[in-house]
Amino acid sequence: MEQTKEKLRAFLTRHIAGRTIADEDQIFASGFVNSMFAMQLVLFLEKNFKIAIGNEDLELKNFQSINAMADLIERKTPHSQNGSNS
Amino acid sequence: MEMTFEQQRLRTAFREFADAHIVPHANAWDRAEHMPAEAVRQLANKGYLGAVLPADCGGAGFDMVGFGLLNEELGRGCSSIRSLLTVHSMAALTIWRWGTEAQKAQWLEKLGQGEAIGAFALTEPEAGSDAREIRTEAVVSGDDFLLNGHKKWITFAQIADLFLIFARSQRGPCAFLLERNTPGLVISPVHGMLGTRASMMAELHLEQCRVPKQNLVGAPGVGLSHIASSALDCGRYSVAWGCVGIAQACLEACLQYAGQRKQFGSLLRDHQLVQRMIAHMVVGVKAARLLCHNAGQLKDAGDPTSIIETSIAKYFACRTAAEIARDAVQIHGANGCSSEYPAERFYRDAKIMEIIEGSNEIQEITIAQSACQQVADNAAIAR
Ligand SMILES: Cc1cc2nc3c(=O)[nH]c(=O)nc-3n(C[C@H](O)[C@H](O)[C@H](O)COP(=O)(O)OP(=O)(O)OC[C@H]3O[C@@H](n4cnc5c(N)ncnc54)[C@H](O)[C@@H]3O)c2cc1C
């Protein structure tokens with residue numbers, strides 16, 4: 001989880017003009033993102049975390065903060081460790 | 001940049017199609033401000049209206065470079081018909097990318113086969129470059145939304161069956177699928193545009209249009225940031241390649257004309273000042289095509305930088321097409337000002353490309369912002 005957040009932080013810092021972003025900061029409310037940022041973020045999440053973001057995930061709350069995105073990634077990542085749904 | 005064998009095969013097929021079915025008619029379509037149904041049917045029969053959809057959804061299954069090549073060849077023939085491919089693909093790709101399973105089942109096959117035509121309705125009288133200003137309103141009413149508002153400059157709205165339309169709601173911007181036959185939707189044709197005159201443009205007036213909640217694409221709030229944004233990325237990519245097509249058409253027309261017309265005892269092509277314009281055309285076309293190809297490859301790889309690279313390609317290709325088309329009119333002299341030659345149509349169409357899908361100025365802002373972020377990022381890494 002921490003590694004995921006680290007990667008997210010690095011990506012966000014790059015797109016929000018070098019600002020430091022805390023895990024709970026509201027990215028879209030910050031006013032620092034341009035009109036292309038949201039789609040860049042989706043592609044970044046898909047490519048780097050090997051997940052597919054579809055209709056059911058497309059809610060702003062899933063992308064609002066580092067914490068929200070880390071949760072989304074966690075939910076979307078197939079977990080093979082114990083092989084059960086429990 | 002190398003093309004795969006399949007991409008080369010596609011390019012040849014697209015070129016032959018354009019030469020046979022588009023180039024001979026483009027001037028007449030432009031003059032009539034009308035795209036014949038037969039022309040649309042021919043595109044559909046070839047499967048080209050499903051260019052952005054995978055084969056298992058009723059599409060042609062081209063990769064994004066293949067889709068780009070189709071845009072170049074259609075754009076070489078006629079920017080109006082290329083703009084049909086643009087807006088239709090924006091709607092189709094959006095449903096494939098972000099639609100619910102029910103929306104996909106209802107529309108993808110039909111759009112892919114060209115049995116239904118899609119369009120993109122964002123712009124309003126008071127909301128152009130700044131889409132956040134849209135005033136079309138969506139209000140919840142039982143299991144539906146009621147839409148009221150006015151959309152302007154909607155390409156192919158005269159014949160579209162389905163609109164990807166954007167409205168504001170209490171929970172933020174929303175994207176909807178709006179069917180043509182919805183009561184309260186009035187479609188008024190727009191005539192007398194400078195360019196892409198056969199693109200069957202219309203305005204939409206929505207008065208108490210009842211749209212089921214199932215027609216919402218994505219949740220309320222993401223209508224502009226994700227849905228419009230991803231559709232516009234596809235639109236920019238299509239327009240960028242279309243501009244390569246305009247520029248290529250200008251170059252070919254000029255080479256032919258300058259190889260026949262004589263002044264001061266020699267062919268125009270032997271005058272060095274004409275050669276300078278032709279050299280600019282050759283270089284401009286190649287550079288624009290390379291930028292488009294680069295954006296396409298990044299799109300095929302799902303790379304996040306594909307978005308900014310598409311913006312860069314669109315900006316360069318549009319400016320290049322506009323400059324080249326201006327020189328094409330110049331090389332043709334008075335004939336270049338006459339509708340008997342295609343140069344003046346290229347010139348008018350190229351100007352449109354500098355305004356749509358994000359004007360030149362909006363691309364400049366985006367590209368500069370991205371470059372500044374890159375500098376900040378490099379500085380952060382160096383620290
Ligand atoms: C042929 C054609 C087809 C179209 N098809 C469609 C369609 O299918 N669907 C749809 O939704 N829309 C469509 N449009 C509308 C198109 O997307 C808009 O025209 C475009 O977004 C620009 O908006 P505007 O015309 O209101 O210009 P404005 O936004 O009013 O801009 C006017 C000028 O000001 C400049 N400007 C604006 N803001 C800034 C800034 N911040 N800094 C510097 N300069 C700025 C612009 O670059 C432009 O030069 C179409 C338009 C045309 C001409």
# chains A, B, ... in the order shown; residues from 1 in each chain; ligands from 1
$ closest_atom_pairs --of "chain A" --to "chain B" --cutoff "8 Å" --atoms "only C-alpha atoms" --output "tab-separated table"
residue	atom	partner	partner_atom	distance
A:Thr13	CA	B:Asp377	CA	7.4
A:Arg14	CA	B:Asp377	CA	5.2
A:His15	CA	B:Gln373	CA	6.1
A:Ile16	CA	B:Gln373	CA	7.1
A:Ala17	CA	B:Gln373	CA	4.9
A:Gly18	CA	B:Ala376	CA	5.4
A:Asn34	CA	B:Thr366	CA	7.8
A:Ser35	CA	B:Ser225	CA	6.3
A:Met36	CA	B:Ser229	CA	6.5
A:Ala38	CA	B:Ser225	CA	5.8
A:Met39	CA	B:His226	CA	5.9
A:Gln40	CA	B:Pro304	CA	4.8
A:Leu41	CA	B:Pro304	CA	7.2
A:Val42	CA	B:Pro304	CA	7.9
A:Leu43	CA	B:Pro304	CA	5.0
A:Phe44	CA	B:Pro304	CA	5.4
A:Lys47	CA	B:Gly302	CA	6.6
A:Gly54	CA	B:Trp98	CA	5.7
A:Asn55	CA	B:Trp98	CA	4.8
A:Glu56	CA	B:Gly218	CA	7.5
A:Leu58	CA	B:Gly218	CA	5.4
A:Glu59	CA	B:Ala219	CA	5.3
A:Leu60	CA	B:Val222	CA	6.2
$ select_by_dssp --residues "chain A" --states "alpha helix (DSSP H)" --output "VMD selection string"
chain A and resid 2 to 15 37 to 49 66 to 76
$ residues_around --residues "Ala22 of chain A" --least-positions-apart "2" --cutoff "9 Å" --atoms "only C-alpha atoms" --output "ChimeraX atom specification"
/A:9,20,24-26,65-66
$ residues_around --residues "Asp56 of chain B" --least-positions-apart "3" --cutoff "10 Å" --atoms "only C-alpha atoms" --output "ChimeraX atom specification"
/B:53,59-61,108-109
$ residues_around --residues "segment 147-155 of chain B" --least-positions-apart "3" --cutoff "6 Å" --atoms "only C-alpha atoms" --output "mmCIF file with all heavy atoms, in the first residue's frame"
data_model
loop_
_atom_site.group_PDB
_atom_site.id
_atom_site.type_symbol
_atom_site.label_atom_id
_atom_site.label_comp_id
_atom_site.auth_asym_id
_atom_site.auth_seq_id
_atom_site.Cartn_x
_atom_site.Cartn_y
_atom_site.Cartn_z
ATOM 1 N N ALA B 121 -22.164 16.586 -28.474
ATOM 2 C CA ALA B 121 -22.809 17.877 -28.252
ATOM 3 C C ALA B 121 -22.374 18.490 -26.929
ATOM 4 O O ALA B 121 -22.935 18.202 -25.875
ATOM 5 C CB ALA B 121 -24.327 17.706 -28.291
ATOM 6 N N THR B 123 -20.638 22.088 -27.055
ATOM 7 C CA THR B 123 -20.584 23.551 -27.178
ATOM 8 C C THR B 123 -21.972 24.199 -27.093
ATOM 9 O O THR B 123 -22.958 23.637 -27.562
ATOM 10 C CB THR B 123 -19.924 23.929 -28.522
ATOM 11 O OG1 THR B 123 -18.666 23.254 -28.595
ATOM 12 C CG2 THR B 123 -19.705 25.415 -28.641
ATOM 13 N N GLU B 124 -21.985 25.387 -26.492
ATOM 14 C CA GLU B 124 -23.225 26.158 -26.351
ATOM 15 C C GLU B 124 -22.924 27.609 -26.725
ATOM 16 O O GLU B 124 -21.749 27.991 -26.805
ATOM 17 C CB GLU B 124 -23.708 26.091 -24.894
ATOM 18 C CG GLU B 124 -24.002 24.682 -24.449
ATOM 19 C CD GLU B 124 -24.558 24.613 -23.028
ATOM 20 O OE1 GLU B 124 -24.750 25.669 -22.402
ATOM 21 O OE2 GLU B 124 -24.801 23.478 -22.583
ATOM 22 N N THR B 136 -26.731 24.080 -20.146
ATOM 23 C CA THR B 136 -27.750 23.033 -20.293
ATOM 24 C C THR B 136 -27.856 22.324 -18.955
ATOM 25 O O THR B 136 -26.838 21.958 -18.352
ATOM 26 C CB THR B 136 -27.349 22.048 -21.415
ATOM 27 O OG1 THR B 136 -27.331 22.766 -22.637
ATOM 28 C CG2 THR B 136 -28.330 20.894 -21.525
ATOM 29 N N GLU B 137 -29.103 22.156 -18.515
ATOM 30 C CA GLU B 137 -29.304 21.688 -17.149
ATOM 31 C C GLU B 137 -29.995 20.332 -17.136
ATOM 32 O O GLU B 137 -30.893 20.083 -17.940
ATOM 33 C CB GLU B 137 -30.173 22.700 -16.409
ATOM 34 C CG GLU B 137 -29.690 22.921 -15.018
ATOM 35 C CD GLU B 137 -30.507 23.991 -14.324
ATOM 36 O OE1 GLU B 137 -31.439 24.551 -14.932
ATOM 37 O OE2 GLU B 137 -30.207 24.241 -13.155
ATOM 38 N N ALA B 138 -29.555 19.467 -16.236
ATOM 39 C CA ALA B 138 -30.192 18.160 -16.058
ATOM 40 C C ALA B 138 -30.739 18.112 -14.634
ATOM 41 O O ALA B 138 -29.982 18.259 -13.668
ATOM 42 C CB ALA B 138 -29.179 17.050 -16.266
ATOM 43 N N SER B 199 -20.789 19.184 -43.515
ATOM 44 C CA SER B 199 -20.778 18.381 -42.286
ATOM 45 C C SER B 199 -22.119 18.422 -41.558
ATOM 46 O O SER B 199 -22.188 18.077 -40.379
ATOM 47 C CB SER B 199 -19.626 18.797 -41.367
ATOM 48 O OG SER B 199 -19.840 20.092 -40.906
ATOM 49 N N MET B 201 -24.190 20.340 -40.170
ATOM 50 C CA MET B 201 -24.197 20.918 -38.822
ATOM 51 C C MET B 201 -25.596 21.350 -38.394
ATOM 52 O O MET B 201 -26.410 21.725 -39.242
ATOM 53 C CB MET B 201 -23.247 22.108 -38.820
ATOM 54 C CG MET B 201 -23.181 22.827 -37.508
ATOM 55 S SD MET B 201 -22.026 24.180 -37.627
ATOM 56 C CE MET B 201 -20.525 23.357 -37.225
ATOM 57 N N ALA B 202 -25.844 21.300 -37.102
ATOM 58 C CA ALA B 202 -27.132 21.773 -36.587
ATOM 59 C C ALA B 202 -26.996 22.270 -35.157
ATOM 60 O O ALA B 202 -25.987 22.017 -34.489
ATOM 61 C CB ALA B 202 -28.178 20.663 -36.659
ATOM 62 N N GLU B 203 -28.025 22.974 -34.726
ATOM 63 C CA GLU B 203 -28.153 23.355 -33.318
ATOM 64 C C GLU B 203 -29.171 22.432 -32.667
ATOM 65 O O GLU B 203 -30.073 21.946 -33.342
ATOM 66 C CB GLU B 203 -28.703 24.784 -33.192
ATOM 67 C CG GLU B 203 -27.805 25.832 -33.755
ATOM 68 C CD GLU B 203 -28.310 27.247 -33.436
ATOM 69 O OE1 GLU B 203 -29.171 27.412 -32.553
ATOM 70 O OE2 GLU B 203 -27.804 28.165 -34.086
ATOM 71 N N LEU B 204 -29.025 22.229 -31.388
ATOM 72 C CA LEU B 204 -30.000 21.429 -30.651
ATOM 73 C C LEU B 204 -30.686 22.321 -29.628
ATOM 74 O O LEU B 204 -30.014 23.030 -28.874
ATOM 75 C CB LEU B 204 -29.317 20.275 -29.891
ATOM 76 C CG LEU B 204 -28.329 19.372 -30.639
ATOM 77 C CD1 LEU B 204 -27.833 18.273 -29.703
ATOM 78 C CD2 LEU B 204 -28.960 18.773 -31.870
ATOM 79 N N HIS B 205 -32.000 22.271 -29.626
ATOM 80 C CA HIS B 205 -32.766 22.957 -28.575
ATOM 81 C C HIS B 205 -33.450 21.886 -27.748
ATOM 82 O O HIS B 205 -34.192 21.062 -28.296
ATOM 83 C CB HIS B 205 -33.796 23.904 -29.191
ATOM 84 C CG HIS B 205 -33.155 25.049 -29.909
ATOM 85 N ND1 HIS B 205 -32.860 26.247 -29.293
ATOM 86 C CD2 HIS B 205 -32.722 25.166 -31.182
ATOM 87 C CE1 HIS B 205 -32.278 27.050 -30.158
ATOM 88 N NE2 HIS B 205 -32.180 26.419 -31.315
ATOM 89 N N LEU B 206 -33.176 21.899 -26.462
ATOM 90 C CA LEU B 206 -33.768 20.875 -25.594
ATOM 91 C C LEU B 206 -34.766 21.526 -24.658
ATOM 92 O O LEU B 206 -34.409 22.443 -23.897
ATOM 93 C CB LEU B 206 -32.678 20.192 -24.754
ATOM 94 C CG LEU B 206 -31.617 19.424 -25.530
ATOM 95 C CD1 LEU B 206 -30.404 20.290 -25.794
ATOM 96 C CD2 LEU B 206 -31.209 18.195 -24.767
ATOM 97 N N GLU B 207 -35.993 21.077 -24.741
ATOM 98 C CA GLU B 207 -37.011 21.610 -23.860
ATOM 99 C C GLU B 207 -37.695 20.452 -23.156
ATOM 100 O O GLU B 207 -38.393 19.656 -23.793
ATOM 101 C CB GLU B 207 -38.017 22.432 -24.669
ATOM 102 C CG GLU B 207 -38.547 23.595 -23.879
ATOM 103 C CD GLU B 207 -39.561 24.389 -24.668
ATOM 104 O OE1 GLU B 207 -39.240 24.824 -25.786
ATOM 105 O OE2 GLU B 207 -40.683 24.528 -24.165
ATOM 106 N N GLN B 208 -37.435 20.331 -21.872
ATOM 107 C CA GLN B 208 -38.020 19.254 -21.063
ATOM 108 C C GLN B 208 -37.787 17.884 -21.719
ATOM 109 O O GLN B 208 -38.705 17.083 -21.797
ATOM 110 C CB GLN B 208 -39.523 19.482 -20.848
ATOM 111 C CG GLN B 208 -39.859 20.765 -20.099
ATOM 112 C CD GLN B 208 -39.483 20.713 -18.623
ATOM 113 O OE1 GLN B 208 -38.331 20.972 -18.262
ATOM 114 N NE2 GLN B 208 -40.403 20.354 -17.762
ATOM 115 N N CYS B 209 -36.567 17.635 -22.192
ATOM 116 C CA CYS B 209 -36.234 16.328 -22.790
ATOM 117 C C CYS B 209 -36.076 15.315 -21.665
ATOM 118 O O CYS B 209 -35.201 15.468 -20.796
ATOM 119 C CB CYS B 209 -34.922 16.410 -23.554
ATOM 120 S SG CYS B 209 -35.091 17.146 -25.152
#
$ residues_near_ligand --ligand "ligand 1" --cutoff "7 Å" --atoms "only C-alpha atoms and all ligand atoms" --output "JSON, numbers by chain"
{"B": [87, 119, 120, 121, 122, 123, 125, 126, 127, 128, 129, 130, 152, 153, 154, 155, 193, 195, 196, 352, 355, 356, 357, 358, 359, 360, 361, 362]}
$ select_by_dssp --residues "segment 131-197 of chain B" --states "strand (DSSP E or B)" --output "VMD selection string"
chain B and resid 137 to 141 144 to 154 162 to 169 172 to 179 185 to 189
$ residues_around --residues "Leu69 of chain B" --least-positions-apart "2" --cutoff "9 Å" --atoms "only C-alpha atoms" --output "number ranges by chain"
B: 7, 10-11, 14, 64-67, 71-74, 241-242, 245, 293
$ residues_around --residues "segment 36-49 of chain B" --least-positions-apart "5" --cutoff "10 Å" --atoms "only C-alpha atoms" --output "short mmCIF file (atom, residue, chain, number, x, y, z; two decimals) with all heavy atoms, in the first residue's frame"
data_model
loop_
_atom_site.label_atom_id
_atom_site.label_comp_id
_atom_site.auth_asym_id
_atom_site.auth_seq_id
_atom_site.Cartn_x
_atom_site.Cartn_y
_atom_site.Cartn_z
N PHE B 14 -7.40 2.38 -47.68
CA PHE B 14 -8.05 3.66 -47.38
C PHE B 14 -7.84 4.65 -48.53
O PHE B 14 -8.73 5.39 -48.91
CB PHE B 14 -7.48 4.28 -46.09
CG PHE B 14 -7.67 3.45 -44.85
CD1 PHE B 14 -6.80 3.60 -43.76
CD2 PHE B 14 -8.69 2.52 -44.75
CE1 PHE B 14 -6.96 2.85 -42.61
CE2 PHE B 14 -8.86 1.76 -43.59
CZ PHE B 14 -7.99 1.92 -42.52
N PHE B 17 -9.99 3.75 -51.45
CA PHE B 17 -11.39 4.11 -51.16
C PHE B 17 -11.60 5.62 -51.34
O PHE B 17 -12.55 6.05 -51.99
CB PHE B 17 -11.76 3.69 -49.72
CG PHE B 17 -13.14 4.12 -49.32
CD1 PHE B 17 -14.25 3.36 -49.69
CD2 PHE B 17 -13.34 5.28 -48.59
CE1 PHE B 17 -15.54 3.77 -49.34
CE2 PHE B 17 -14.62 5.70 -48.24
CZ PHE B 17 -15.73 4.93 -48.61
N ALA B 18 -10.69 6.39 -50.76
CA ALA B 18 -10.84 7.86 -50.85
C ALA B 18 -10.77 8.32 -52.31
O ALA B 18 -11.57 9.17 -52.74
CB ALA B 18 -9.77 8.55 -50.01
N HIS B 21 -14.17 7.09 -54.02
CA HIS B 21 -15.51 7.46 -53.54
C HIS B 21 -15.61 8.85 -52.92
O HIS B 21 -16.72 9.31 -52.66
CB HIS B 21 -15.99 6.43 -52.51
CG HIS B 21 -16.07 5.04 -53.07
ND1 HIS B 21 -17.01 4.68 -54.00
CD2 HIS B 21 -15.30 3.95 -52.84
CE1 HIS B 21 -16.83 3.40 -54.33
NE2 HIS B 21 -15.79 2.94 -53.65
N ILE B 22 -14.48 9.48 -52.65
CA ILE B 22 -14.57 10.77 -51.95
C ILE B 22 -14.01 11.92 -52.81
O ILE B 22 -14.71 12.90 -53.06
CB ILE B 22 -13.83 10.69 -50.60
CG1 ILE B 22 -14.54 9.68 -49.70
CG2 ILE B 22 -13.79 12.05 -49.93
CD1 ILE B 22 -13.90 9.45 -48.37
N HIS B 25 -16.04 13.71 -55.49
CA HIS B 25 -17.31 14.35 -55.13
C HIS B 25 -17.17 15.49 -54.11
O HIS B 25 -18.13 16.21 -53.86
CB HIS B 25 -18.26 13.30 -54.52
CG HIS B 25 -18.39 12.08 -55.36
ND1 HIS B 25 -18.98 12.10 -56.60
CD2 HIS B 25 -17.98 10.80 -55.16
CE1 HIS B 25 -18.94 10.89 -57.13
NE2 HIS B 25 -18.33 10.08 -56.28
N TRP B 29 -20.06 18.21 -52.82
CA TRP B 29 -20.68 18.13 -51.48
C TRP B 29 -20.52 19.46 -50.76
O TRP B 29 -21.45 19.94 -50.12
CB TRP B 29 -20.02 17.03 -50.63
CG TRP B 29 -20.19 15.64 -51.16
CD1 TRP B 29 -21.13 15.20 -52.05
CD2 TRP B 29 -19.38 14.49 -50.83
NE1 TRP B 29 -20.95 13.85 -52.29
CE2 TRP B 29 -19.90 13.39 -51.55
CE3 TRP B 29 -18.29 14.28 -49.99
CZ2 TRP B 29 -19.35 12.10 -51.47
CZ3 TRP B 29 -17.73 12.99 -49.90
CH2 TRP B 29 -18.26 11.93 -50.63
N GLY B 58 -18.49 -5.41 -32.89
CA GLY B 58 -19.07 -4.97 -34.17
C GLY B 58 -18.22 -3.93 -34.87
O GLY B 58 -18.65 -3.31 -35.84
N GLY B 59 -17.00 -3.74 -34.39
CA GLY B 59 -16.13 -2.73 -35.00
C GLY B 59 -15.14 -3.34 -35.98
O GLY B 59 -15.14 -4.54 -36.24
N ALA B 60 -14.28 -2.44 -36.52
CA ALA B 60 -13.30 -2.88 -37.51
C ALA B 60 -12.04 -3.44 -36.86
O ALA B 60 -11.26 -4.14 -37.50
CB ALA B 60 -12.94 -1.71 -38.42
N GLY B 61 -11.83 -3.10 -35.59
CA GLY B 61 -10.68 -3.65 -34.87
C GLY B 61 -9.34 -3.07 -35.30
O GLY B 61 -8.31 -3.71 -35.11
N PHE B 62 -9.34 -1.84 -35.85
CA PHE B 62 -8.05 -1.21 -36.18
C PHE B 62 -7.37 -0.77 -34.89
O PHE B 62 -8.05 -0.44 -33.92
CB PHE B 62 -8.24 0.05 -37.03
CG PHE B 62 -8.98 -0.16 -38.32
CD1 PHE B 62 -9.73 0.86 -38.88
CD2 PHE B 62 -8.91 -1.37 -38.99
CE1 PHE B 62 -10.42 0.68 -40.07
CE2 PHE B 62 -9.59 -1.56 -40.19
CZ PHE B 62 -10.35 -0.53 -40.73
N PHE B 67 -6.51 3.71 -37.23
CA PHE B 67 -7.59 4.71 -37.20
C PHE B 67 -7.06 6.06 -37.71
O PHE B 67 -7.71 6.76 -38.49
CB PHE B 67 -8.11 4.84 -35.77
CG PHE B 67 -9.11 5.94 -35.55
CD1 PHE B 67 -10.30 5.98 -36.25
CD2 PHE B 67 -8.86 6.95 -34.62
CE1 PHE B 67 -11.23 7.01 -36.04
CE2 PHE B 67 -9.79 7.97 -34.40
CZ PHE B 67 -10.97 8.00 -35.12
N LEU B 70 -6.76 6.15 -41.47
CA LEU B 70 -8.07 6.33 -42.10
C LEU B 70 -8.46 7.81 -42.09
O LEU B 70 -8.96 8.34 -43.09
CB LEU B 70 -9.12 5.49 -41.34
CG LEU B 70 -10.56 5.61 -41.84
CD1 LEU B 70 -10.69 5.18 -43.31
CD2 LEU B 70 -11.50 4.75 -40.98
N ASN B 71 -8.20 8.47 -40.97
CA ASN B 71 -8.49 9.90 -40.89
C ASN B 71 -7.66 10.70 -41.90
O ASN B 71 -8.16 11.65 -42.49
CB ASN B 71 -8.22 10.42 -39.47
CG ASN B 71 -9.37 10.11 -38.55
OD1 ASN B 71 -10.39 10.79 -38.57
ND2 ASN B 71 -9.23 9.07 -37.75
N LEU B 74 -9.26 9.97 -45.45
CA LEU B 74 -10.56 10.64 -45.62
C LEU B 74 -10.36 12.15 -45.64
O LEU B 74 -10.98 12.85 -46.43
CB LEU B 74 -11.53 10.25 -44.50
CG LEU B 74 -11.97 8.78 -44.40
CD1 LEU B 74 -13.14 8.65 -43.42
CD2 LEU B 74 -12.38 8.20 -45.74
N ILE B 81 -16.42 14.70 -44.58
CA ILE B 81 -16.68 13.28 -44.30
C ILE B 81 -15.71 12.78 -43.21
O ILE B 81 -16.08 11.96 -42.38
CB ILE B 81 -16.65 12.40 -45.58
CG1 ILE B 81 -17.51 11.15 -45.33
CG2 ILE B 81 -15.25 12.03 -46.01
CD1 ILE B 81 -18.01 10.49 -46.58
N LEU B 84 -17.28 13.44 -39.99
CA LEU B 84 -18.27 12.43 -39.59
C LEU B 84 -17.55 11.32 -38.82
O LEU B 84 -18.00 10.89 -37.75
CB LEU B 84 -18.98 11.85 -40.82
CG LEU B 84 -19.83 10.60 -40.54
CD1 LEU B 84 -20.98 10.92 -39.58
CD2 LEU B 84 -20.40 10.02 -41.84
N LEU B 85 -16.44 10.87 -39.38
CA LEU B 85 -15.67 9.82 -38.70
C LEU B 85 -15.25 10.31 -37.31
O LEU B 85 -15.30 9.56 -36.33
CB LEU B 85 -14.43 9.47 -39.53
CG LEU B 85 -13.52 8.39 -38.94
CD1 LEU B 85 -14.21 7.04 -38.95
CD2 LEU B 85 -12.20 8.30 -39.71
N THR B 86 -14.88 11.57 -37.20
CA THR B 86 -14.43 12.13 -35.92
C THR B 86 -15.54 12.06 -34.87
O THR B 86 -15.36 11.44 -33.81
CB THR B 86 -13.98 13.60 -36.09
OG1 THR B 86 -12.96 13.65 -37.07
CG2 THR B 86 -13.48 14.18 -34.78
N HIS B 88 -18.53 10.69 -34.85
CA HIS B 88 -19.12 9.36 -34.67
C HIS B 88 -18.19 8.49 -33.80
O HIS B 88 -18.64 7.80 -32.88
CB HIS B 88 -19.33 8.73 -36.05
CG HIS B 88 -19.91 7.36 -36.04
ND1 HIS B 88 -21.26 7.13 -35.91
CD2 HIS B 88 -19.32 6.13 -36.12
CE1 HIS B 88 -21.48 5.81 -35.93
NE2 HIS B 88 -20.32 5.19 -36.05
N SER B 89 -16.90 8.56 -34.07
CA SER B 89 -15.93 7.77 -33.30
C SER B 89 -15.85 8.26 -31.86
O SER B 89 -15.65 7.47 -30.93
CB SER B 89 -14.54 7.85 -33.94
OG SER B 89 -14.58 7.36 -35.25
N ALA B 92 -18.82 6.65 -30.22
CA ALA B 92 -18.67 5.20 -30.12
C ALA B 92 -17.60 4.81 -29.10
O ALA B 92 -17.81 3.93 -28.25
CB ALA B 92 -18.33 4.63 -31.50
N LYS B 110 -24.59 -1.28 -33.40
CA LYS B 110 -25.25 -0.37 -34.35
C LYS B 110 -24.30 0.74 -34.81
O LYS B 110 -24.25 1.08 -35.99
CB LYS B 110 -26.45 0.31 -33.67
CG LYS B 110 -27.69 -0.54 -33.64
CD LYS B 110 -28.84 0.34 -33.17
CE LYS B 110 -30.03 -0.53 -32.82
NZ LYS B 110 -30.98 0.16 -31.97
N LEU B 111 -23.55 1.30 -33.86
CA LEU B 111 -22.62 2.38 -34.24
C LEU B 111 -21.48 1.81 -35.09
O LEU B 111 -21.08 2.40 -36.08
CB LEU B 111 -22.06 3.06 -32.99
CG LEU B 111 -23.05 3.91 -32.17
CD1 LEU B 111 -22.45 4.30 -30.83
CD2 LEU B 111 -23.46 5.17 -32.94
N GLY B 112 -21.01 0.64 -34.68
CA GLY B 112 -19.89 0.02 -35.39
C GLY B 112 -20.24 -0.30 -36.84
O GLY B 112 -19.40 -0.17 -37.73
N GLN B 113 -21.49 -0.67 -37.04
CA GLN B 113 -21.92 -1.02 -38.41
C GLN B 113 -22.45 0.20 -39.16
O GLN B 113 -22.82 0.09 -40.33
CB GLN B 113 -23.05 -2.06 -38.34
CG GLN B 113 -22.68 -3.35 -37.62
CD GLN B 113 -21.63 -4.14 -38.37
OE1 GLN B 113 -21.75 -4.32 -39.58
NE2 GLN B 113 -20.58 -4.58 -37.69
N GLY B 114 -22.52 1.33 -38.47
CA GLY B 114 -23.06 2.53 -39.13
C GLY B 114 -24.57 2.48 -39.29
O GLY B 114 -25.14 3.25 -40.06
N GLU B 115 -25.22 1.60 -38.52
CA GLU B 115 -26.70 1.58 -38.57
C GLU B 115 -27.26 2.75 -37.75
O GLU B 115 -28.41 3.14 -37.92
CB GLU B 115 -27.23 0.26 -37.99
CG GLU B 115 -26.97 -0.92 -38.90
CD GLU B 115 -27.05 -2.23 -38.16
OE1 GLU B 115 -27.59 -2.28 -37.03
OE2 GLU B 115 -26.53 -3.22 -38.71
N ALA B 116 -26.44 3.24 -36.84
CA ALA B 116 -26.79 4.46 -36.11
C ALA B 116 -25.59 5.40 -36.22
O ALA B 116 -24.45 4.96 -36.23
CB ALA B 116 -27.09 4.16 -34.65
N ILE B 117 -25.88 6.70 -36.32
CA ILE B 117 -24.81 7.71 -36.40
C ILE B 117 -24.74 8.46 -35.07
O ILE B 117 -25.77 8.86 -34.52
CB ILE B 117 -25.09 8.71 -37.56
CG1 ILE B 117 -25.08 7.99 -38.92
CG2 ILE B 117 -24.09 9.87 -37.55
CD1 ILE B 117 -23.76 7.34 -39.29
N GLY B 118 -23.52 8.61 -34.57
CA GLY B 118 -23.31 9.29 -33.29
C GLY B 118 -22.77 10.70 -33.50
O GLY B 118 -22.13 10.98 -34.51
N ILE B 159 -28.14 14.53 -39.12
CA ILE B 159 -28.48 13.12 -39.41
C ILE B 159 -28.20 12.18 -38.23
O ILE B 159 -28.50 10.99 -38.32
CB ILE B 159 -27.73 12.58 -40.66
CG1 ILE B 159 -26.21 12.59 -40.43
CG2 ILE B 159 -28.11 13.38 -41.90
CD1 ILE B 159 -25.48 11.70 -41.44
N ALA B 198 -20.06 20.51 -45.74
CA ALA B 198 -20.98 19.37 -45.93
C ALA B 198 -21.10 18.56 -44.65
O ALA B 198 -21.44 17.37 -44.69
CB ALA B 198 -20.49 18.50 -47.08
N MET B 200 -23.16 18.79 -42.27
CA MET B 200 -24.55 18.62 -41.79
C MET B 200 -24.72 19.13 -40.36
O MET B 200 -25.30 18.48 -39.50
CB MET B 200 -24.96 17.14 -41.88
CG MET B 200 -24.70 16.48 -43.22
SD MET B 200 -25.70 17.13 -44.55
CE MET B 200 -27.21 16.22 -44.31
#
$ closest_residue --among "A:Ile73, A:Leu12, A:Ala68, A:Lys5" --to "Leu45 of chain A" --atoms "only C-alpha atoms"
A:Ile73
